[in-house]
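Enquirer: Next up is a structure, given as structure tokens.
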Amino acid sequence: MSSPSFPTDSSTPPSPSSLVESPPDSFSPSISPSSSPTTPVPSTPSNPPTTSPPSPVVDSPTNTPTSPVSPSSTPPNSSNPPRPSGLRVGFYQGLCPTPNVDVEATITTKVQQLFSKDATLLPALLRMQFHDCFVHGCDASILLDGPSSEKTAGPNLSVRGYEFIDTLKSVAEEECPDVVSCADIIAIATKELIKLGGGPGYSLQTGRKDGLVSTQDVKLPSPFATVTESILAFGEKNFNPEEMLLLIAGGHTIGKSHCSFFQDRLYEGTSQFDPNMDSNLREQLSGTCPQGTNSDNFTFLDQNPLSSSKFDNSFLDQLLNGRGILPIDQALSRDSQTSSFVLQYAQNPALFNAKFASVMIKLQALDVLLGDQGQIRKVCSKVN
Ligand code: HEM
């Protein structure tokens, strides 16, 4: 797993707004090529980067690439059709050995069953998706095991949901062996969970391949960074400040944070002390995270008790009331580079949902491996 070869796609994703289910407006965030300046772009003769861009909602025959597939990635379909190499809605249709099998629907049904038993799968997967996509692209590299793997890097230590992905992979393998990538399984599950948790629905494009490389060189934004530093970090991945705000707000409207990430905001004399935190919240959090302790306790990132586990825009209201948890979250409502977006989306839930869906589509297309790049892992935690 030490191969330095990691081709990235430099193609332009489709307009996300065309894939959002019933958006209330015609939002179309600025999309630029998704290649990351921090990711090496070598190619090898056996694994050349595709030049085909991820295609829009449904491909026309002219933009369905027909690049040959290597024997190892050929689906066990009797007629061996050429595998399309762009991201597109319905990518897996016709690729399974049994005709008329809809493997994406099978995975989605399993997600629905498991979510009905454990609603915390939504925050687990949404965070996993972000952490995977921001490091070498959405290639499931976060799932790879190994002593110095991405999974074991500091920022990923509390990422959850690996067994859930393994379960979904088993379901996919049973119905359609060696065809569905682990990267797509993360994407399919995340998209479905957002909807199940009360968030927007959108048409998901599939066709991602799994990466071959995993290293501990994980550069994710820090919860203690300034807004300017975070804007720079998201800018490196071609997300503008508004898109950054949407992603963080959508991510942190659900799920939890451990004390270590916000404890210093509570106590006078500590490095991050925040005198402007809502006083009721400070009192409550002092109980959860007593000064001087290294408690493993946690609190909800969205402090609206009615919607801490629900996808909505109430997290933004909480920020406006000084009830943010992470230092970076609270800073978003106080910094002039992002405060107007906080206000705007706090006031308009429908717009927030539509724009979040658009930016999720963009996130899920970040530096994806396509066509002959990467592989379809047999087991998500190991390269083949
Ligand atoms: C500046 C950017 C970001 C920073 C610094 C950040 C940091 C954090 C931290 C420190 C936690 C608490 C982890 C723990 O205590 O275990 C957290 C949780 C979470 N983050 Fe972020 N995050 C950022 C952006 C995002 C984005 C863009 C998403 C998704 C779109 C996201 C989704 C989540 C979710 C869902 C959780 C809750 C996880 C759970 O309950 O298991 N975050 N984040």
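Within each chain, counting starts at residue 1; across the structure tokens, chains are named A, B, ... in the order shown, with ligands numbered 1 upward in that order.
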Within 10 Å of stretch 155-165 of chain A, counting only C-alpha atoms, which residues qualify if same-chain residues fewer than 2 places away don't, as a ChimeraX atom specification?
Expert: /A:110-111,114,120-129,131-132,142-144,150-153,167-171,182-183,185-186,189,216,218-222,257-258,380-381
Enquirer: Can you pull out every residue within 8 Å of stretch 199-201 of chain A, counting only C-alpha atoms, but drop anything in the same chain fewer than 6 positions away, and send it as number ranges by chain?
Expert: A: 20-21, 191-192, 310-312, 353-354, 356-357
Enquirer: Excluding stretch 237-246 of chain A and its own-chain neighbours fewer than 2 positions away, which residues fall within 10 Å of it when counting only C-alpha atoms? Please give them as JSON, numbers by chain.
Expert: {"A": [29, 30, 31, 32, 33, 34, 35, 36, 37, 38, 133, 134, 135, 137, 227, 228, 230, 231, 232, 233, 234, 235, 248, 249, 250, 251, 252, 313, 316, 329, 332, 333, 337, 338, 339, 340, 341, 342, 345, 352, 353, 355, 356, 357, 358, 359, 360, 362, 363, 366, 367]}
Enquirer: Go through A:Lys256, A:His136, A:Lys117, A:Arg88 and flag the residue nearest ligand 1, using only C-alpha atoms and all ligand atoms for the distances.
Expert: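 Closest candidate: A:Lys256.
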Enquirer: Using backbone DSSP assignments, extract all alpha helix (DSSP H) residues from stretch 187-335 of chain A; output them as an mmCIF file with N, CA and C atoms, in the first residue's frame.
Expert:
data_model
loop_
_atom_site.group_PDB
_atom_site.id
_atom_site.type_symbol
_atom_site.label_atom_id
_atom_site.label_comp_id
_atom_site.auth_asym_id
_atom_site.auth_seq_id
_atom_site.Cartn_x
_atom_site.Cartn_y
_atom_site.Cartn_z
ATOM 1 N N ALA A 187 -21.046 6.653 -0.965
ATOM 2 C CA ALA A 187 -21.838 7.743 -1.554
ATOM 3 C C ALA A 187 -23.337 7.420 -1.542
ATOM 4 N N ILE A 188 -23.674 6.190 -1.914
ATOM 5 C CA ILE A 188 -25.091 5.794 -1.958
ATOM 6 C C ILE A 188 -25.690 5.868 -0.554
ATOM 7 N N ALA A 189 -24.938 5.345 0.417
ATOM 8 C CA ALA A 189 -25.446 5.330 1.798
ATOM 9 C C ALA A 189 -25.592 6.749 2.329
ATOM 10 N N THR A 190 -24.596 7.595 2.093
ATOM 11 C CA THR A 190 -24.650 8.962 2.614
ATOM 12 C C THR A 190 -25.843 9.708 2.040
ATOM 13 N N LYS A 191 -26.020 9.576 0.748
ATOM 14 C CA LYS A 191 -27.132 10.277 0.085
ATOM 15 C C LYS A 191 -28.480 9.825 0.664
ATOM 16 N N GLU A 192 -28.631 8.521 0.849
ATOM 17 C CA GLU A 192 -29.909 8.002 1.351
ATOM 18 C C GLU A 192 -30.136 8.416 2.802
ATOM 19 N N LEU A 193 -29.064 8.366 3.593
ATOM 20 C CA LEU A 193 -29.190 8.716 5.017
ATOM 21 C C LEU A 193 -29.566 10.183 5.203
ATOM 22 N N ILE A 194 -29.027 11.052 4.365
ATOM 23 C CA ILE A 194 -29.380 12.484 4.469
ATOM 24 C C ILE A 194 -30.890 12.636 4.314
ATOM 25 N N LYS A 195 -31.432 11.938 3.343
ATOM 26 C CA LYS A 195 -32.872 12.027 3.098
ATOM 27 C C LYS A 195 -33.661 11.422 4.272
ATOM 28 N N LEU A 196 -33.210 10.265 4.734
ATOM 29 C CA LEU A 196 -33.904 9.607 5.851
ATOM 30 C C LEU A 196 -33.856 10.467 7.112
ATOM 31 N N VAL A 227 -11.614 31.297 10.543
ATOM 32 C CA VAL A 227 -12.456 31.195 9.347
ATOM 33 C C VAL A 227 -11.601 31.368 8.093
ATOM 34 N N THR A 228 -10.649 32.303 8.150
ATOM 35 C CA THR A 228 -9.780 32.519 6.978
ATOM 36 C C THR A 228 -8.992 31.248 6.653
ATOM 37 N N GLU A 229 -8.457 30.589 7.667
ATOM 38 C CA GLU A 229 -7.709 29.342 7.419
ATOM 39 C C GLU A 229 -8.632 28.254 6.843
ATOM 40 N N SER A 230 -9.842 28.187 7.355
ATOM 41 C CA SER A 230 -10.780 27.174 6.843
ATOM 42 C C SER A 230 -11.156 27.479 5.402
ATOM 43 N N ILE A 231 -11.346 28.765 5.109
ATOM 44 C CA ILE A 231 -11.681 29.145 3.728
ATOM 45 C C ILE A 231 -10.548 28.724 2.790
ATOM 46 N N LEU A 232 -9.328 28.898 3.259
ATOM 47 C CA LEU A 232 -8.184 28.486 2.425
ATOM 48 C C LEU A 232 -8.186 26.975 2.211
ATOM 49 N N ALA A 233 -8.455 26.230 3.288
ATOM 50 C CA ALA A 233 -8.465 24.758 3.183
ATOM 51 C C ALA A 233 -9.548 24.287 2.214
ATOM 52 N N PHE A 234 -10.729 24.879 2.307
ATOM 53 C CA PHE A 234 -11.806 24.484 1.386
ATOM 54 C C PHE A 234 -11.510 25.001 -0.023
ATOM 55 N N GLY A 235 -10.876 26.167 -0.099
ATOM 56 C CA GLY A 235 -10.518 26.727 -1.404
ATOM 57 C C GLY A 235 -9.580 25.805 -2.171
ATOM 58 N N PRO A 241 -16.334 30.160 -0.024
ATOM 59 C CA PRO A 241 -16.770 30.308 1.375
ATOM 60 C C PRO A 241 -18.238 29.952 1.610
ATOM 61 N N GLU A 242 -19.083 30.262 0.642
ATOM 62 C CA GLU A 242 -20.503 29.926 0.806
ATOM 63 C C GLU A 242 -20.697 28.411 0.816
ATOM 64 N N GLU A 243 -20.015 27.746 -0.086
ATOM 65 C CA GLU A 243 -20.112 26.275 -0.148
ATOM 66 C C GLU A 243 -19.523 25.644 1.120
ATOM 67 N N MET A 244 -18.453 26.246 1.613
ATOM 68 C CA MET A 244 -17.868 25.752 2.874
ATOM 69 C C MET A 244 -18.891 25.849 3.996
ATOM 70 N N LEU A 245 -19.529 27.017 4.060
ATOM 71 C CA LEU A 245 -20.521 27.222 5.126
ATOM 72 C C LEU A 245 -21.643 26.189 5.019
ATOM 73 N N LEU A 246 -22.101 25.957 3.784
ATOM 74 C CA LEU A 246 -23.189 24.993 3.580
ATOM 75 C C LEU A 246 -22.772 23.593 4.012
ATOM 76 N N LEU A 247 -21.552 23.198 3.653
ATOM 77 C CA LEU A 247 -21.093 21.850 4.011
ATOM 78 C C LEU A 247 -20.962 21.697 5.526
ATOM 79 N N ILE A 248 -20.361 22.696 6.165
ATOM 80 C CA ILE A 248 -20.176 22.576 7.618
ATOM 81 C C ILE A 248 -21.529 22.598 8.319
ATOM 82 N N ALA A 249 -22.413 23.483 7.873
ATOM 83 C CA ALA A 249 -23.729 23.587 8.528
ATOM 84 C C ALA A 249 -24.529 22.302 8.339
ATOM 85 N N GLY A 250 -24.462 21.729 7.131
ATOM 86 C CA GLY A 250 -25.186 20.480 6.883
ATOM 87 C C GLY A 250 -24.573 19.335 7.662
ATOM 88 N N GLY A 251 -23.248 19.352 7.781
ATOM 89 C CA GLY A 251 -22.574 18.290 8.532
ATOM 90 C C GLY A 251 -22.829 18.397 10.020
ATOM 91 N N SER A 279 -24.819 31.949 28.021
ATOM 92 C CA SER A 279 -24.433 31.583 29.392
ATOM 93 C C SER A 279 -25.104 30.278 29.853
ATOM 94 N N ASN A 280 -26.327 30.032 29.385
ATOM 95 C CA ASN A 280 -26.977 28.754 29.753
ATOM 96 C C ASN A 280 -26.213 27.570 29.170
ATOM 97 N N LEU A 281 -25.771 27.766 27.947
ATOM 98 C CA LEU A 281 -25.027 26.680 27.310
ATOM 99 C C LEU A 281 -23.711 26.444 28.050
ATOM 100 N N ARG A 282 -23.050 27.557 28.426
ATOM 101 C CA ARG A 282 -21.767 27.381 29.127
ATOM 102 C C ARG A 282 -21.968 26.582 30.419
ATOM 103 N N GLU A 283 -23.021 26.925 31.129
ATOM 104 C CA GLU A 283 -23.274 26.242 32.404
ATOM 105 C C GLU A 283 -23.520 24.747 32.175
ATOM 106 N N GLN A 284 -24.338 24.490 31.176
ATOM 107 C CA GLN A 284 -24.673 23.087 30.864
ATOM 108 C C GLN A 284 -23.414 22.310 30.438
ATOM 109 N N LEU A 285 -22.593 22.926 29.590
ATOM 110 C CA LEU A 285 -21.398 22.229 29.088
ATOM 111 C C LEU A 285 -20.340 22.065 30.172
ATOM 112 N N SER A 286 -20.344 22.982 31.159
ATOM 113 C CA SER A 286 -19.376 22.840 32.256
ATOM 114 C C SER A 286 -19.648 21.554 33.027
ATOM 115 N N GLY A 287 -20.914 21.175 33.070
ATOM 116 C CA GLY A 287 -21.266 19.902 33.720
ATOM 117 C C GLY A 287 -20.805 18.721 32.879
ATOM 118 N N THR A 288 -20.964 18.866 31.580
ATOM 119 C CA THR A 288 -20.579 17.764 30.684
ATOM 120 C C THR A 288 -19.059 17.604 30.629
ATOM 121 N N SER A 314 -31.446 24.327 11.734
ATOM 122 C CA SER A 314 -31.534 24.936 13.060
ATOM 123 C C SER A 314 -30.156 25.145 13.700
ATOM 124 N N PHE A 315 -29.166 24.403 13.244
ATOM 125 C CA PHE A 315 -27.795 24.615 13.700
ATOM 126 C C PHE A 315 -27.384 26.077 13.477
ATOM 127 N N LEU A 316 -27.842 26.642 12.362
ATOM 128 C CA LEU A 316 -27.452 28.029 12.048
ATOM 129 C C LEU A 316 -28.086 29.008 13.021
ATOM 130 N N ASP A 317 -29.315 28.737 13.405
ATOM 131 C CA ASP A 317 -29.985 29.554 14.439
ATOM 132 C C ASP A 317 -29.208 29.509 15.743
ATOM 133 N N GLN A 318 -28.747 28.323 16.068
ATOM 134 C CA GLN A 318 -27.970 28.156 17.295
ATOM 135 C C GLN A 318 -26.701 29.010 17.242
ATOM 136 N N LEU A 319 -26.055 29.031 16.094
ATOM 137 C CA LEU A 319 -24.853 29.870 15.960
ATOM 138 C C LEU A 319 -25.196 31.336 16.187
ATOM 139 N N LEU A 320 -26.315 31.771 15.634
ATOM 140 C CA LEU A 320 -26.702 33.191 15.777
ATOM 141 C C LEU A 320 -26.994 33.532 17.237
ATOM 142 N N PRO A 327 -15.165 25.610 18.065
ATOM 143 C CA PRO A 327 -14.698 26.992 17.854
ATOM 144 C C PRO A 327 -14.945 27.476 16.426
ATOM 145 N N ILE A 328 -14.664 26.612 15.429
ATOM 146 C CA ILE A 328 -14.852 27.052 14.037
ATOM 147 C C ILE A 328 -16.329 27.276 13.734
ATOM 148 N N ASP A 329 -17.209 26.458 14.299
ATOM 149 C CA ASP A 329 -18.645 26.620 14.027
ATOM 150 C C ASP A 329 -19.101 28.003 14.500
ATOM 151 N N GLN A 330 -18.762 28.330 15.743
ATOM 152 C CA GLN A 330 -19.208 29.614 16.281
ATOM 153 C C GLN A 330 -18.587 30.778 15.506
ATOM 154 N N ALA A 331 -17.348 30.605 15.093
ATOM 155 C CA ALA A 331 -16.663 31.685 14.366
ATOM 156 C C ALA A 331 -17.359 32.008 13.042
ATOM 157 N N LEU A 332 -18.044 31.020 12.459
ATOM 158 C CA LEU A 332 -18.691 31.250 11.162
ATOM 159 C C LEU A 332 -19.737 32.349 11.223
#
Enquirer: So the first atom is atom 14 (C, counted along the ligand's line) of ligand 1 and the second is atom CA of A:Gly211; what is the distance between them in Å, to one decimal place?
Expert: 25.5 Å
Enquirer: In Å, with one decimal, what is the gap from atom CA of A:Asn294 to atom 10 (C, counted along the ligand's line) of ligand 1?
Expert: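 The value is 15.4 Å.
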Enquirer: For ligand 1, which residue out of A:Pro223, A:Gly197, A:Gly146, A:Gly90 is the nearest one, using only C-alpha atoms and all ligand atoms?
Expert: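 Of all the options, A:Pro223 lies closest to ligand 1.
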Enquirer: One decimal, in Å: what's the spacing between atom 13 (C, counted along the ligand's line) of ligand 1 and atom CA of A:Gln113?
Expert: 25.4 Å
Enquirer: Taking only C-alpha atoms and all ligand atoms into account, which of A:Ser260, A:Ser307, A:Thr270, A:Thr206 comes nearest ligand 1?
Expert: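 Selected residue with least distance to ligand 1: A:Ser260.
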Enquirer: Using only C-alpha atoms, which protein or nucleic acid residues come within 6 Å of A:Leu369? Drop anything in the same chain fewer than 3 positions from it, and give the result as a list of chain:residue names.
Expert: A:Arg208, A:Lys209, A:Gln373
Enquirer: With N, CA and C atoms kept, could you save the residues just selected as a PDB file, in the first residue's frame?
Expert:
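Here's the written file out-v2.pdb:
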ATOM      1  N   ARG A 208     -17.754   5.701  -9.272  1.00  0.00           N
ATOM      2  CA  ARG A 208     -16.443   5.919  -8.630  1.00  0.00           C
ATOM      3  C   ARG A 208     -15.688   4.589  -8.556  1.00  0.00           C
ATOM      4  N   LYS A 209     -14.380   4.662  -8.644  1.00  0.00           N
ATOM      5  CA  LYS A 209     -13.556   3.478  -8.411  1.00  0.00           C
ATOM      6  C   LYS A 209     -12.837   3.642  -7.072  1.00  0.00           C
ATOM      7  N   GLN A 373      -9.156   3.784 -13.890  1.00  0.00           N
ATOM      8  CA  GLN A 373      -8.395   4.155 -12.691  1.00  0.00           C
ATOM      9  C   GLN A 373      -8.833   3.297 -11.505  1.00  0.00           C
TER      10      GLN A 373
END
